[in-house]
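The block underneath contains the structure these notes are about, expressed in structure tokens.
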Amino acid sequence: MKKDIKKQNTFLGQSRLFSEVRDLILSARKMVVHAVDALQVITNFEIGKRIVEHEQKGNQRAAYGENLIKSLSNKLTKEFGNGFSKRNLEYIRKFYLVYQDRAIRIAQTALAQSQKYRTKLGKSQKTQTVFAELLRSQKTLRKFTLSWSHYIFLISLADKKERDFYEIEAFEQNWSLRELRRQFDSSLYERLALSRNKKEVKQLSRKGQIIEKPDDMLKNSYVLEFLGLDEKPGYSETDLETAIINKLESFLLELGKGFLFEARQKRFTFDEDHFFVDLVFYNRLLRSYVLIDLKIGKLTHQDLGQMQMYVNYFDRYVKTKEEKSTIGIILCRKKREALVKITLSKGANIHAKEYKLYLPSKVEFKKKLIEWTNNSD
């Protein structure tokens with residue numbers, strides 16, 4: 001018996017040791033990956049800077065610049081291999097031109113700091129120190145926060161405000177390049193901008209999406225192309241709800257920041273009648289329950305009245321005194337603006353929002369944004 005206990009303790013001890021060592025290795029690898037990404041971006045910024053400065057000193061003709069990059073690509077590829085093709089050097093040059101107003105001293109600061117620590121510490125710690133100091137130096141300056149692949153995509157965006165917005169959101173929400181592309185394709189910037197006043201639109205490009213009040217979390221419309229329902233000839237509200245649950249992670253990303261899922265078909269009883277809320281979420285930034293009702297048919301005043309009852313119930317019987325008022329959202333295929341205005345009182349915490357089962361036309365959204373901006377002058 002004692003032998004079995006001793007053997008079990010030995011096994012548990014070794015398991016804990018393995019787990020701790022494994023976590024250390026994974027953390028170290030993750031840090032190195034981030035450090036290498038940061039180093040690549042900063043290095044490319046400096047390469048782009050030197051290419052542009054050389055061009056400015058030499059011949060201004062476009063043919064000269066093209067031949068310069070082609071010649072440089074051939075020489076670098078011979079010595080360093082792949083990664084310095086003519087196309088990649090053109091990206092690097094453009095990257096510097098797009099971001100030249102930012103953090104020009106990052107590479108110099110990182111180099112100076114790494115040399116200081118290299119002298120201070122032994123050679124065995126040189127690489128680790130350069131990487132760690134590089135990351136620390138970035139925190140003290142306006143920085144590049146994403147991978148090189150992210151920046152290749154961002155430099156393709158002509159609108160600086162839009163580009164800055166996606167950079168901030170990609171960093172804060174840890175978007176992969178795939179997710180960044182999806183959010184861009186779904187016109188996230190335009191959808192958020194159309195839900196805000198002009199002052200708040202400017203803040204989007206400076207601070208990203210800040211959630212301080214219920215209206216901050218709302219979008220002009222919601223894009224649910226990831227559900228795959230548009231391929232069906234017809235679907236029910238249950239189909240829509242099931243598809244959302246099956247793709248819950250994607251749906252949470254589409255809802256935005258701070259959302260936690262609580263329940264599907266949340267039941268509550270009032271005066272011996274049972275009622276069911278399609279989807280219940282909690283937003284930790286607002287400290288509010290968010291109730292979502294799904295409608296595939298025409299929005300009616302009964303739908304709005306039902307949601308008002310759900311919100312009232314949660315406010316009176318579910319939320320605590322410390323929590324903010326419950327928010328109700330009706331996701332519908334077609335929002336009837338006039339009906340919503342006449343049915344709901346001013347300041348009501350209930351919102352009707354359209355959803356789309358396909359990626360919208362960015363041209364259409366940009367046109368709407370321009371019209372909205374001009375009309376709000």
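Chains: A, B, ... in order of the structure tokens. Residues: from 1 per chain. Ligands: from 1, in order shown.
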### Message
Applying 12 Å and only C-alpha atoms, which residues near Gly228 (chain A) remain after dropping the ones on its own chain fewer than 3 positions away? List them as a list in words.
### Response
Val223, Leu224, Glu225, Glu231, Lys232, Pro233, Gly234, Tyr235, Asp239, Leu240, Thr242, Ala243, Ile244, Asn246, Lys247, Lys356, Leu357, Tyr358 and Leu359 of chain A
For the selection just defined, write its residues with N, CA and C atoms to a file, as a short mmCIF file (atom, residue, chain, number, x, y, z; two decimals), in the first residue's frame.
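Listed below is the output, out.cif:
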data_model
loop_
_atom_site.label_atom_id
_atom_site.label_comp_id
_atom_site.auth_asym_id
_atom_site.auth_seq_id
_atom_site.Cartn_x
_atom_site.Cartn_y
_atom_site.Cartn_z
N VAL A 223 -22.50 41.09 -39.74
CA VAL A 223 -22.22 40.23 -40.88
C VAL A 223 -21.97 38.81 -40.38
N LEU A 224 -22.81 37.88 -40.82
CA LEU A 224 -22.76 36.50 -40.33
C LEU A 224 -22.50 35.52 -41.47
N GLU A 225 -21.62 35.92 -42.38
CA GLU A 225 -21.36 35.07 -43.55
C GLU A 225 -20.76 33.73 -43.15
N GLU A 231 -26.42 29.68 -48.35
CA GLU A 231 -26.44 28.63 -49.36
C GLU A 231 -27.75 27.83 -49.32
N LYS A 232 -28.51 27.98 -48.22
CA LYS A 232 -29.77 27.26 -48.09
C LYS A 232 -30.91 28.03 -48.75
N PRO A 233 -31.86 27.32 -49.34
CA PRO A 233 -33.01 28.01 -49.95
C PRO A 233 -33.90 28.68 -48.91
N GLY A 234 -33.91 28.17 -47.70
CA GLY A 234 -34.72 28.76 -46.63
C GLY A 234 -34.24 28.22 -45.30
N TYR A 235 -34.43 28.99 -44.24
CA TYR A 235 -34.00 28.54 -42.92
C TYR A 235 -34.93 29.16 -41.88
N ASP A 239 -32.77 27.31 -37.00
CA ASP A 239 -31.57 27.05 -37.81
C ASP A 239 -30.53 28.14 -37.58
N LEU A 240 -30.99 29.38 -37.57
CA LEU A 240 -30.09 30.51 -37.36
C LEU A 240 -29.44 30.44 -35.99
N THR A 242 -29.05 27.76 -34.05
CA THR A 242 -28.15 26.60 -33.98
C THR A 242 -26.83 26.88 -34.70
N ALA A 243 -26.92 27.54 -35.85
CA ALA A 243 -25.71 27.88 -36.60
C ALA A 243 -24.81 28.83 -35.79
N ILE A 244 -25.42 29.78 -35.09
CA ILE A 244 -24.66 30.70 -34.26
C ILE A 244 -23.95 29.96 -33.13
N ASN A 246 -23.08 26.83 -33.09
CA ASN A 246 -22.02 26.00 -33.68
C ASN A 246 -20.80 26.82 -34.09
N LYS A 247 -21.02 28.10 -34.36
CA LYS A 247 -19.92 29.00 -34.74
C LYS A 247 -19.78 30.10 -33.69
N LYS A 356 -26.50 40.36 -42.08
CA LYS A 356 -26.30 39.95 -43.46
C LYS A 356 -25.64 38.58 -43.45
N LEU A 357 -26.02 37.73 -44.38
CA LEU A 357 -25.46 36.39 -44.48
C LEU A 357 -24.40 36.31 -45.57
N TYR A 358 -23.90 37.47 -45.99
CA TYR A 358 -22.86 37.53 -47.02
C TYR A 358 -21.97 38.73 -46.70
N LEU A 359 -20.78 38.71 -47.21
CA LEU A 359 -19.88 39.85 -47.03
C LEU A 359 -20.41 41.02 -47.83
#
### Query
Contacts of Asp164 (chain A) at 8 Å or less, counting only C-alpha atoms, minus same-chain residues fewer than 4 places along, as a PyMOL selection string?
chain A and resi 160+168+205-206
### Query
With only C-alpha atoms as the basis for distance, which of A:Tyr166, A:Glu179, A:Leu39, A:Asp230 is at the shortest distance from Ser250 (chain A)?
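Between A:Tyr166, A:Glu179, A:Leu39, A:Asp230, the residue approaching Ser250 (chain A) most closely is A:Glu179.
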For Leu180 (chain A), work out the shell of residues within 9 Å, counting only C-alpha atoms and skipping chain neighbours fewer than 6 positions away, then give it as a short mmCIF file (atom, residue, chain, number, x, y, z; two decimals) with N, CA and C atoms, in the first residue's frame.
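As a result, part29.cif now contains:
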data_model
loop_
_atom_site.label_atom_id
_atom_site.label_comp_id
_atom_site.auth_asym_id
_atom_site.auth_seq_id
_atom_site.Cartn_x
_atom_site.Cartn_y
_atom_site.Cartn_z
N HIS A 150 1.06 41.06 -41.35
CA HIS A 150 -0.03 42.01 -41.07
C HIS A 150 0.24 43.34 -41.77
N PHE A 153 -0.38 43.58 -45.47
CA PHE A 153 -1.80 43.81 -45.76
C PHE A 153 -2.19 45.26 -45.48
N TYR A 166 -7.50 49.45 -38.02
CA TYR A 166 -7.30 48.01 -38.11
C TYR A 166 -6.00 47.58 -37.41
N GLU A 167 -4.99 48.42 -37.43
CA GLU A 167 -3.75 48.09 -36.73
C GLU A 167 -3.98 48.00 -35.22
N GLU A 169 -6.89 47.51 -33.60
CA GLU A 169 -7.79 46.41 -33.26
C GLU A 169 -7.10 45.05 -33.42
N ALA A 170 -6.28 44.90 -34.46
CA ALA A 170 -5.58 43.63 -34.68
C ALA A 170 -4.65 43.33 -33.51
#
## Note on the structure
Counting only C-alpha atoms, closest pick from A:Asn220, A:Ser73, A:Thr326, A:Thr320 relative to Ile292 (chain A) is A:Thr326
